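S.K.: I have a structure I would like to understand better, so I am pasting it below and will then ask my questions one at a time.
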Amino acid sequence: MSENTNPKVGLFVTCLVDLFRPNVGFSAVELLEAAGCDVHVPRAQTCCGQPAYNSGDKADTKEIAKQVLDAFEDYDYVVAPSGSCAAMIKKHYPEVFEDDPAMLSRMKALSDKTFELVSFLTDVMFITQTPGEFAGSVTYHDSCSGLRELGVKEQPRKLLKNSGVDVREMKDSEVCCGFGGTFCVKYSDISNAMVSKKTQSIDDTGADMLVAGDMGCLMNMAGKLKRQGSKTEVRHVAEVLAGKLDTKPISGS
Amino acid sequence: MELTSHNLKSNAKDALGNEQLQKALGNVPKGFIDKRAKAAAALDEFEALRDKGREIKDHTLANLDLYLEAYEQKVIENGGHVHWAKTAEDARRIALEICQKHDAKTVTKGKSMITEEVELNEHLLENGIEPVETDLGEYIIQLRNEKPSHIIAPAIHLNQGQIEDDFRRVHTHLDEDRDMSEPETLLAEAREVLRKRYFEADIGFTGANFLVAETGSSVIVTNEGNGDLTQTLGKVHVVMASIEKVVPTLADCSQILRILARSATGQDMSVYTTFSTGPKREKDPDGPKEYHVILLDNGRSDMLGTEFEEMLRCIRCGACINHCPVYHSIGGHAYGSIYPGPMGSVLTPSLAGVDKAGTLPNASTFCGRCESVCPMRIPLPKMMRHWREKEFEQHLQPKAARYGLAFWAYLAKRPKLYRALVSFAMPALSVLGGTNKRISSLPLASGWTKHRELPAPEGRTFMQAWDQREALKQEAN
């Protein structure tokens, strides 16, 4: 912990937030600052390396992981507005360096202080109230990595409810939306079948808005909803919790 | 093992367009998921039993040679015979020799994935011996000349109407106008037809869910009792099982039995759990005169000591398949292997080679639902990733994918260059999205835009905007 009592947080922006949805990054900053964190954004970050890791490219995965380590290991915490990228750092970086004891201990230390945004707010900072207020109805999709690798399930729902949101559960909220990184383009027909079931479940709730904690899943579901002409707004959960709803939603009116 | 895994994409496309199949696939999540969840929740020690199961199997695999030899010795002591089959071909040859020795004309078969793996039926037929599948699902797909589409529910890709049509086509000795509207009537008809076949058969083949080293027993679990009739009514009982089925003791077997059916169908136990320990003894009222066990390796011993060893813990419950959203979409046949779904995507490349089955471990979103329900806690996504690593090392992935990845990795490792490029590209892409912020088609992104819009980026990247915010802050100071 730094001398300043406010924990120093390195924000791992994630490539998709950086490239497609900066508003999520600023929402994350706002939420973290409101929770009393001193937020920093290291320059030397690009991506967590999942595309390489999940394509079997271990050498590039290692190099990218080292790059992330160098950029982030001096912070008290590393926080990402994504369950999938946070799980990559927290769960998979140590696996990648299993055979390299020196690196492994550094990776484990990094792992210990890395968190997905919403669970960091609730489980580490003990936040129960966030700046945003939203009086509409929302349905929450559980992104696979956040749910199964990091145990993110009740935390976003609690914070959403505390913000005045009417949370409406969809059928099979825990079933994959069919994104899966490169899967969605390599096996686009299968992915389409999966996301079509998902958008049906979303529609069935009648909720005004779909939210989730991962941009990959959100872009997949938003892309399908848009193609289907749906009016359902799609946003990252951080945008709702931070109340940064001025930016046009990822999909919907 | 005949494979069409390399055609996964086109197989999947056909499957997605097949209305009958899509209707039948709706039964998979309905039939299995809630039942498993309830069964698991109702047993306080369920999670502890998963740990125990993993421990038993890991211990056995670490000492596999010892337990297999102990098992063999017990079988021989009990008056049985053990045959070691290194390959599928060996297993087929040994099976045929036993059949020929007894001049067998027909053999009955309990449900067995290993006999599917070695394609025993085809081999017997080629040699003039008629195999009769006695598990209802296997019986149905045998009538249709199909492969199983699921390891515990081989005919789950079919609807009742299709089965009715098959029965009318094949059971021509029965009244044409008979009522077959209820599933029970179909079951009764199959039972009636099969009953005769049990008595005709010279030999009964079964698989094994467990081989118990302590006693030399083979264990099968069924819900129809067909396995019991198969193995007791023939003159000879032949068990064909793979080597990793061995467990040290009866106590180990019963520990794992407690999670097997719960994970598979949500039953506390299967209706029948049958232990066979050798041939009929002098005072036994019935049972086979001869008892043979064919132990199949077929690539499994090569998995020991590798990153794929944990796959040998698999007890074939099918939970990973039942929970797989990819399987729910395309069904089992699309995988082009008799082992579909997540377990198949790990096992098939191990048995057939990653060059032939490398598409399978790629056809996963790594959603992790399989691992979360696997009673033996097999890290299936991790092992699928290991297969992708093998593919990558051997340059087996398509060129476009490899070059694309290499280009992306080159940039991702150079933050300054990456930054310069995306600071230019993303605003441009944003403009392309127009006021509706959507991109309906984009070169090199057809895999995405074929089925969905690409939500356009906001404009500047987060880093660009952040830099500006920081600069303004500094000015203000």
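Just so we're on the same page: first chain in the structure tokens is A, next is B, and so on; residues restart at 1 for each chain, and ligands are numbered from 1 in the order they show up.
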In region 2-200 of chain A, what's alpha helix (DSSP H) per DSSP? Answer as a ChimeraX atom specification?
M.R.: /A:15-20,22-34,50-53,58-72,83-87,93-96,101-112,117-119,144,150,154-162,183-186,188-200
S.K.: I want to know what sits within 7 Å of Val118 (chain A), based on only C-alpha atoms, with residues of the same chain fewer than 4 positions away left out; could you give that as an mmCIF file with C-alpha atoms, in the first residue's frame?
M.R.:
data_model
loop_
_atom_site.group_PDB
_atom_site.id
_atom_site.type_symbol
_atom_site.label_atom_id
_atom_site.label_comp_id
_atom_site.auth_asym_id
_atom_site.auth_seq_id
_atom_site.Cartn_x
_atom_site.Cartn_y
_atom_site.Cartn_z
ATOM 1 C CA THR A 122 -17.696 -4.225 -3.840
ATOM 2 C CA GLN A 155 -21.832 -7.796 -7.180
ATOM 3 C CA PRO A 156 -23.062 -5.935 -10.294
#
S.K.: For chain B, work out the contacting residues on chain A at 7 Å, counting only C-alpha atoms, and write them as a PyMOL selection string.
M.R.: chain A and resi 18-22+25+44-47+52+54-57+60+64+144-145+148+176+178-180+183-190+192-194+219+223-224+226-227+250
S.K.: Save the residues we just selected, N, CA and C atoms, as a short mmCIF file (atom, residue, chain, number, x, y, z; two decimals), in the first residue's frame?
M.R.:
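File written: out_21.cif
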data_model
loop_
_atom_site.label_atom_id
_atom_site.label_comp_id
_atom_site.auth_asym_id
_atom_site.auth_seq_id
_atom_site.Cartn_x
_atom_site.Cartn_y
_atom_site.Cartn_z
N ASP A 18 -10.50 0.85 -24.96
CA ASP A 18 -9.63 1.89 -25.52
C ASP A 18 -10.06 2.24 -26.94
N LEU A 19 -10.28 1.22 -27.75
CA LEU A 19 -10.54 1.47 -29.17
C LEU A 19 -11.99 1.83 -29.46
N PHE A 20 -12.91 1.13 -28.83
CA PHE A 20 -14.31 1.28 -29.23
C PHE A 20 -15.16 2.10 -28.26
N ARG A 21 -14.83 2.07 -26.99
CA ARG A 21 -15.77 2.62 -26.02
C ARG A 21 -15.06 3.34 -24.89
N PRO A 22 -14.37 4.45 -25.21
CA PRO A 22 -13.67 5.20 -24.16
C PRO A 22 -14.57 5.58 -22.98
N GLY A 25 -14.08 3.49 -20.11
CA GLY A 25 -12.84 3.80 -19.38
C GLY A 25 -13.05 4.96 -18.43
N ALA A 44 2.11 2.24 -21.33
CA ALA A 44 2.64 1.10 -22.08
C ALA A 44 1.69 -0.09 -22.07
N GLN A 45 0.39 0.14 -22.27
CA GLN A 45 -0.55 -0.98 -22.31
C GLN A 45 -1.23 -1.01 -23.67
N THR A 46 -1.41 -2.22 -24.16
CA THR A 46 -2.14 -2.39 -25.41
C THR A 46 -3.29 -3.36 -25.17
N CYS A 47 -2.93 -4.61 -24.91
CA CYS A 47 -3.92 -5.68 -24.79
C CYS A 47 -3.37 -6.66 -23.78
N ALA A 52 -3.52 -13.97 -28.52
CA ALA A 52 -2.36 -14.85 -28.71
C ALA A 52 -2.51 -16.12 -27.86
N ASN A 54 -5.14 -17.62 -26.61
CA ASN A 54 -6.18 -18.56 -27.03
C ASN A 54 -5.98 -19.08 -28.44
N SER A 55 -4.96 -18.55 -29.12
CA SER A 55 -4.61 -19.10 -30.43
C SER A 55 -3.42 -20.04 -30.32
N GLY A 56 -2.96 -20.28 -29.11
CA GLY A 56 -1.86 -21.21 -28.91
C GLY A 56 -0.48 -20.59 -29.08
N ASP A 57 -0.42 -19.27 -29.18
CA ASP A 57 0.85 -18.58 -29.39
C ASP A 57 1.43 -18.18 -28.02
N ASP A 60 4.36 -15.08 -27.82
CA ASP A 60 3.84 -13.70 -27.81
C ASP A 60 3.04 -13.43 -26.55
N ILE A 64 3.78 -10.27 -24.08
CA ILE A 64 2.75 -9.28 -23.75
C ILE A 64 2.50 -9.26 -22.24
N CYS A 144 -18.79 -14.96 -19.32
CA CYS A 144 -18.29 -16.26 -18.84
C CYS A 144 -17.06 -16.15 -17.93
N SER A 145 -16.05 -15.41 -18.37
CA SER A 145 -14.81 -15.37 -17.60
C SER A 145 -15.04 -14.73 -16.24
N ARG A 148 -17.24 -17.37 -14.17
CA ARG A 148 -16.69 -18.68 -13.77
C ARG A 148 -15.26 -18.62 -13.29
N CYS A 176 -23.14 -18.62 -22.38
CA CYS A 176 -22.27 -17.82 -23.26
C CYS A 176 -23.06 -17.16 -24.40
N GLY A 178 -21.75 -16.38 -27.22
CA GLY A 178 -21.22 -16.79 -28.51
C GLY A 178 -20.07 -15.93 -29.02
N PHE A 179 -19.59 -15.02 -28.17
CA PHE A 179 -18.47 -14.17 -28.61
C PHE A 179 -17.19 -15.00 -28.68
N GLY A 180 -16.60 -15.29 -27.55
CA GLY A 180 -15.45 -16.19 -27.54
C GLY A 180 -14.23 -15.70 -28.29
N PHE A 183 -13.41 -16.84 -31.88
CA PHE A 183 -14.45 -17.83 -32.18
C PHE A 183 -15.57 -17.23 -33.03
N CYS A 184 -15.95 -15.99 -32.68
CA CYS A 184 -17.14 -15.41 -33.32
C CYS A 184 -16.92 -15.12 -34.81
N VAL A 185 -15.67 -15.01 -35.21
CA VAL A 185 -15.44 -14.85 -36.66
C VAL A 185 -15.02 -16.16 -37.32
N LYS A 186 -14.31 -17.01 -36.54
CA LYS A 186 -13.90 -18.30 -37.11
C LYS A 186 -15.10 -19.20 -37.31
N TYR A 187 -15.98 -19.20 -36.35
CA TYR A 187 -17.17 -20.07 -36.41
C TYR A 187 -18.41 -19.18 -36.35
N SER A 188 -18.51 -18.31 -37.34
CA SER A 188 -19.52 -17.26 -37.24
C SER A 188 -20.94 -17.83 -37.25
N ASP A 189 -21.16 -18.93 -37.93
CA ASP A 189 -22.53 -19.48 -37.98
C ASP A 189 -22.95 -20.04 -36.60
N ILE A 190 -22.01 -20.72 -35.95
CA ILE A 190 -22.32 -21.26 -34.62
C ILE A 190 -22.51 -20.10 -33.64
N ASN A 192 -23.45 -17.19 -34.33
CA ASN A 192 -24.72 -16.54 -34.62
C ASN A 192 -25.89 -17.27 -33.96
N ALA A 193 -25.84 -18.61 -33.99
CA ALA A 193 -26.91 -19.38 -33.35
C ALA A 193 -26.94 -19.08 -31.85
N MET A 194 -25.74 -18.96 -31.27
CA MET A 194 -25.68 -18.71 -29.83
C MET A 194 -26.17 -17.32 -29.47
N MET A 219 -20.30 -6.08 -27.52
CA MET A 219 -20.28 -5.75 -28.95
C MET A 219 -20.95 -6.85 -29.76
N GLY A 223 -24.24 -5.95 -31.60
CA GLY A 223 -24.20 -6.10 -33.06
C GLY A 223 -25.38 -6.89 -33.57
N LYS A 224 -25.75 -7.93 -32.80
CA LYS A 224 -26.88 -8.76 -33.22
C LYS A 224 -28.19 -8.00 -33.02
N LYS A 226 -28.65 -4.85 -33.03
CA LYS A 226 -28.73 -3.81 -34.05
C LYS A 226 -29.19 -4.39 -35.37
N ARG A 227 -28.59 -5.53 -35.75
CA ARG A 227 -28.96 -6.17 -37.01
C ARG A 227 -30.44 -6.55 -36.99
N ILE A 250 -24.11 1.53 -27.05
CA ILE A 250 -23.42 0.68 -28.03
C ILE A 250 -24.40 0.21 -29.10
#
S.K.: Near Ser173 (chain A), within 9 Å and counting only C-alpha atoms, which residues show up once chain neighbours fewer than 6 positions away are dropped, as a PyMOL selection string?
M.R.: chain A and resi 139-143+198+201-202
S.K.: For the residues in that selection, give me N, CA and C atoms as a CSV table (one decimal), in the first residue's frame.
M.R.:
chain,number,residue,atom,x,y,z
A,139,THR,N,-31.4,-5.7,-17.9
A,139,THR,CA,-31.1,-7.1,-17.8
A,139,THR,C,-29.6,-7.3,-17.9
A,140,TYR,N,-29.1,-8.2,-17.0
A,140,TYR,CA,-27.6,-8.3,-16.9
A,140,TYR,C,-27.2,-9.6,-17.4
A,141,HIS,N,-26.3,-9.6,-18.4
A,141,HIS,CA,-25.7,-10.8,-18.9
A,141,HIS,C,-24.4,-11.2,-18.2
A,142,ASP,N,-24.3,-12.4,-17.7
A,142,ASP,CA,-23.1,-12.8,-17.0
A,142,ASP,C,-22.0,-13.2,-18.0
A,143,SER,N,-21.0,-12.5,-18.1
A,143,SER,CA,-19.9,-12.9,-19.0
A,143,SER,C,-19.2,-14.0,-18.4
A,198,LYS,N,-29.4,-15.7,-27.3
A,198,LYS,CA,-29.2,-14.7,-26.2
A,198,LYS,C,-30.1,-13.5,-26.5
A,201,SER,N,-33.6,-14.2,-25.4
A,201,SER,CA,-33.7,-14.1,-23.9
A,201,SER,C,-33.8,-12.6,-23.5
A,202,ILE,N,-33.0,-11.8,-24.1
A,202,ILE,CA,-32.9,-10.4,-23.8
A,202,ILE,C,-34.3,-9.7,-24.1
S.K.: What's the separation between CA of Glu89 (chain B) and CA of Ser301 (chain B), in Å to one decimal place?
M.R.: 16.3 Å
S.K.: Between CA of Gln231 (chain B) and CA of Gly204 (chain B), what is the spacing in Å?
M.R.: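 For CA of Gly204 (chain B) relative to CA of Gln231 (chain B), the distance reads 5.1 Å.
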S.K.: May I have the residues within 9 Å of Tyr77 (chain A) as a list in words, using only C-alpha atoms and disregarding those fewer than 6 positions away in the same chain?
M.R.: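 Counting only C-alpha atoms, the residues come to Met1, Pro7, Lys8, Val9, Gly10, Leu11, Leu110, Asp112, Lys113, Thr114 and Phe115 of chain A.
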S.K.: Can you write just those residues out, C-alpha atoms, as a PDB file, in the first residue's frame?
M.R.:
ATOM      1  CA  MET A   1       0.000   0.000   0.000  1.00  0.00           C
ATOM      2  CA  PRO A   7      -4.904   3.037  -2.926  1.00  0.00           C
ATOM      3  CA  LYS A   8      -2.992   3.615  -6.119  1.00  0.00           C
ATOM      4  CA  VAL A   9      -4.868   1.851  -8.883  1.00  0.00           C
ATOM      5  CA  GLY A  10      -3.431   1.106 -12.313  1.00  0.00           C
ATOM      6  CA  LEU A  11      -6.336   1.043 -14.738  1.00  0.00           C
ATOM      7  CA  LEU A 110       0.440  -9.205  -9.941  1.00  0.00           C
ATOM      8  CA  ASP A 112      -3.086 -11.158  -6.249  1.00  0.00           C
ATOM      9  CA  LYS A 113      -3.751  -7.478  -6.806  1.00  0.00           C
ATOM     10  CA  THR A 114      -5.645  -7.667 -10.074  1.00  0.00           C
ATOM     11  CA  PHE A 115      -9.428  -7.344 -10.067  1.00  0.00           C
TER      12      PHE A 115
END
S.K.: Using only C-alpha atoms for the distances, tell me which of A:Asn220, A:Val237, A:Gln228, A:Asp172 is nearest to Lys158 (chain A).
M.R.: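 Checking each of A:Asn220, A:Val237, A:Gln228, A:Asp172 against Lys158 (chain A), counting only C-alpha atoms, the winner is A:Val237.
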S.K.: Any idea what's packed within 10 Å of Thr215 (chain B), counting only C-alpha atoms, ignoring anything in its chain fewer than 3 positions away? Could you give it as a list in words?
M.R.: Ala70, Tyr71, Glu72, Gln73, Lys74, Val75, Glu77, Asn78, Leu211, Val212, Ser218, Pro248, Thr249, Leu250, Ser276, Thr277 and Gly278 of chain B
S.K.: Please report, as a compact mmCIF listing (two decimals) with N, CA and C atoms, in the first residue's frame, each residue of region 66-242 of chain B to which DSSP assigns strand (DSSP E or B) when run on this structure's backbone.
M.R.:
# COMPACT_ATOMS: atom_id res chain seq x y z
N HIS B 81 -10.49 -64.28 -18.97
CA HIS B 81 -9.34 -64.07 -19.85
C HIS B 81 -9.15 -62.58 -20.09
N VAL B 82 -7.90 -62.15 -20.12
CA VAL B 82 -7.61 -60.74 -20.41
C VAL B 82 -6.79 -60.65 -21.69
N HIS B 83 -7.22 -59.75 -22.58
CA HIS B 83 -6.50 -59.55 -23.84
C HIS B 83 -6.07 -58.09 -23.91
N TRP B 84 -4.84 -57.85 -24.26
CA TRP B 84 -4.34 -56.48 -24.34
C TRP B 84 -4.35 -56.03 -25.79
N ALA B 85 -5.02 -54.92 -26.06
CA ALA B 85 -5.11 -54.41 -27.43
C ALA B 85 -4.45 -53.05 -27.50
N THR B 106 -24.78 -64.34 -34.24
CA THR B 106 -25.18 -63.00 -33.81
C THR B 106 -24.62 -62.74 -32.41
N VAL B 107 -24.34 -61.47 -32.18
CA VAL B 107 -23.90 -61.06 -30.84
C VAL B 107 -24.77 -59.90 -30.40
N THR B 108 -25.11 -59.87 -29.12
CA THR B 108 -25.81 -58.71 -28.59
C THR B 108 -24.78 -57.76 -28.00
N LYS B 109 -25.16 -56.50 -27.93
CA LYS B 109 -24.22 -55.51 -27.42
C LYS B 109 -24.90 -54.56 -26.45
N GLU B 130 -23.62 -60.88 -37.08
CA GLU B 130 -24.55 -59.76 -36.92
C GLU B 130 -24.52 -59.22 -35.50
N PRO B 131 -24.10 -57.95 -35.34
CA PRO B 131 -24.17 -57.34 -34.01
C PRO B 131 -25.57 -56.74 -33.79
N VAL B 132 -26.12 -56.93 -32.60
CA VAL B 132 -27.43 -56.37 -32.30
C VAL B 132 -27.29 -55.43 -31.10
N GLU B 133 -27.50 -54.16 -31.33
CA GLU B 133 -27.42 -53.18 -30.23
C GLU B 133 -28.67 -53.33 -29.38
N ILE B 203 -23.00 -64.52 -28.20
CA ILE B 203 -22.04 -63.79 -27.38
C ILE B 203 -22.64 -62.44 -27.01
N GLY B 204 -22.35 -61.97 -25.81
CA GLY B 204 -22.78 -60.62 -25.42
C GLY B 204 -21.57 -59.73 -25.19
N PHE B 205 -21.57 -58.60 -25.86
CA PHE B 205 -20.50 -57.61 -25.66
C PHE B 205 -21.00 -56.48 -24.77
N THR B 206 -20.20 -56.07 -23.82
CA THR B 206 -20.50 -54.83 -23.08
C THR B 206 -19.23 -54.00 -22.99
N PHE B 210 -16.33 -49.08 -15.07
CA PHE B 210 -15.19 -49.24 -14.17
C PHE B 210 -14.65 -50.65 -14.30
N LEU B 211 -13.37 -50.79 -14.06
CA LEU B 211 -12.74 -52.09 -13.88
C LEU B 211 -12.12 -52.03 -12.48
N VAL B 212 -12.50 -52.96 -11.63
CA VAL B 212 -12.05 -52.87 -10.24
C VAL B 212 -10.86 -53.81 -10.02
N SER B 217 -13.52 -57.13 -11.14
CA SER B 217 -14.89 -56.96 -11.66
C SER B 217 -14.92 -55.88 -12.74
N SER B 218 -15.84 -56.06 -13.68
CA SER B 218 -16.17 -54.96 -14.59
C SER B 218 -17.55 -54.47 -14.21
N VAL B 219 -17.74 -53.17 -14.33
CA VAL B 219 -18.98 -52.56 -13.84
C VAL B 219 -19.64 -51.79 -14.97
N ILE B 220 -20.93 -52.04 -15.16
CA ILE B 220 -21.67 -51.19 -16.11
C ILE B 220 -22.85 -50.54 -15.41
N VAL B 221 -23.20 -49.34 -15.86
CA VAL B 221 -24.41 -48.68 -15.36
C VAL B 221 -25.35 -48.50 -16.55
N THR B 222 -26.60 -48.89 -16.37
CA THR B 222 -27.59 -48.71 -17.43
C THR B 222 -28.92 -48.33 -16.80
N VAL B 236 -20.97 -66.47 -23.98
CA VAL B 236 -19.71 -65.80 -23.68
C VAL B 236 -19.98 -64.32 -23.42
N HIS B 237 -19.35 -63.78 -22.42
CA HIS B 237 -19.43 -62.34 -22.17
C HIS B 237 -18.07 -61.73 -22.50
N VAL B 238 -18.08 -60.76 -23.41
CA VAL B 238 -16.84 -60.07 -23.75
C VAL B 238 -16.96 -58.61 -23.31
N VAL B 239 -16.07 -58.19 -22.45
CA VAL B 239 -16.03 -56.79 -22.01
C VAL B 239 -14.96 -56.10 -22.84
N MET B 240 -15.31 -55.01 -23.48
CA MET B 240 -14.27 -54.23 -24.17
C MET B 240 -14.20 -52.87 -23.49
N ALA B 241 -13.06 -52.57 -22.92
CA ALA B 241 -12.93 -51.33 -22.14
C ALA B 241 -11.55 -50.74 -22.34
N SER B 242 -11.46 -49.44 -22.16
CA SER B 242 -10.15 -48.81 -22.30
C SER B 242 -9.43 -48.83 -20.95
S.K.: Can you measure CA of Arg93 (chain B) to CA of Glu290 (chain B) for me? One decimal in Å is fine.
M.R.: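 So the two atoms, CA of Arg93 (chain B) and CA of Glu290 (chain B), lie 17.9 Å apart.
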S.K.: A:Ala109, A:Cys48, A:Thr61, A:Tyr53: which is nearest Leu16 (chain A), counting only C-alpha atoms?
M.R.: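 Closest to Leu16 (chain A), using only C-alpha atoms: A:Cys48.
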S.K.: Which region 110-216 of chain B residues have any atom within 8 Å of an atom of region 97-104 of chain B, and for each, what is the nearest pair of atoms with distance in Å to one decimal, counting only C-alpha atoms, rows sorted by chain and number, as a Markdown table?
M.R.:
| residue | atom | partner | partner_atom | distance |
| --- | --- | --- | --- | --- |
| B:Ile129 | CA | B:Ala104 | CA | 6.8 |
| B:Ala201 | CA | B:Ala104 | CA | 7.7 |
| B:Asp202 | CA | B:Ala104 | CA | 5.4 |
| B:Ile203 | CA | B:Ala104 | CA | 6.8 |
S.K.: Produce a file of the selected residues containing N, CA and C atoms, as an mmCIF file, in the first residue's frame.
M.R.:
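Printed below is again_29.cif as written:
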data_model
loop_
_atom_site.group_PDB
_atom_site.id
_atom_site.type_symbol
_atom_site.label_atom_id
_atom_site.label_comp_id
_atom_site.auth_asym_id
_atom_site.auth_seq_id
_atom_site.Cartn_x
_atom_site.Cartn_y
_atom_site.Cartn_z
ATOM 1 N N ILE B 129 -20.887 -61.700 -39.099
ATOM 2 C CA ILE B 129 -21.495 -61.821 -37.775
ATOM 3 C C ILE B 129 -22.398 -60.614 -37.553
ATOM 4 N N ALA B 201 -28.638 -64.825 -29.380
ATOM 5 C CA ALA B 201 -27.236 -64.405 -29.474
ATOM 6 C C ALA B 201 -26.287 -65.429 -28.860
ATOM 7 N N ASP B 202 -25.140 -65.580 -29.488
ATOM 8 C CA ASP B 202 -24.126 -66.504 -28.983
ATOM 9 C C ASP B 202 -23.222 -65.812 -27.972
ATOM 10 N N ILE B 203 -22.998 -64.525 -28.199
ATOM 11 C CA ILE B 203 -22.040 -63.793 -27.376
ATOM 12 C C ILE B 203 -22.642 -62.436 -27.012
#
S.K.: Excluding Leu210 (chain A) and residues on its chain fewer than 6 positions from it, collect all residues at most 12 Å away from it, counting only C-alpha atoms, and give them as a ChimeraX atom specification.
M.R.: /A:136-142,165-170,173,198-199,201-204,217-219,221-222,225,230-237,239-240,249-252
S.K.: Give me the residues within 12 Å of region 43-49 of chain B as JSON, numbers by chain, counting only C-alpha atoms and dropping any in the same chain fewer than 5 places off.
M.R.: {"B": [36, 37, 38, 54, 55, 56, 252, 253, 254, 255, 256, 257, 258, 259, 260, 261, 262, 263, 266, 267, 268, 372, 373, 374, 375, 376, 377]}
S.K.: Given the choices B:Leu136, B:Ile243, B:Ile156, B:Val28, which gets closest to Asn226 (chain B) if the distance is worked out from only C-alpha atoms?
M.R.: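 Of all the options, B:Leu136 lies closest to Asn226 (chain B).
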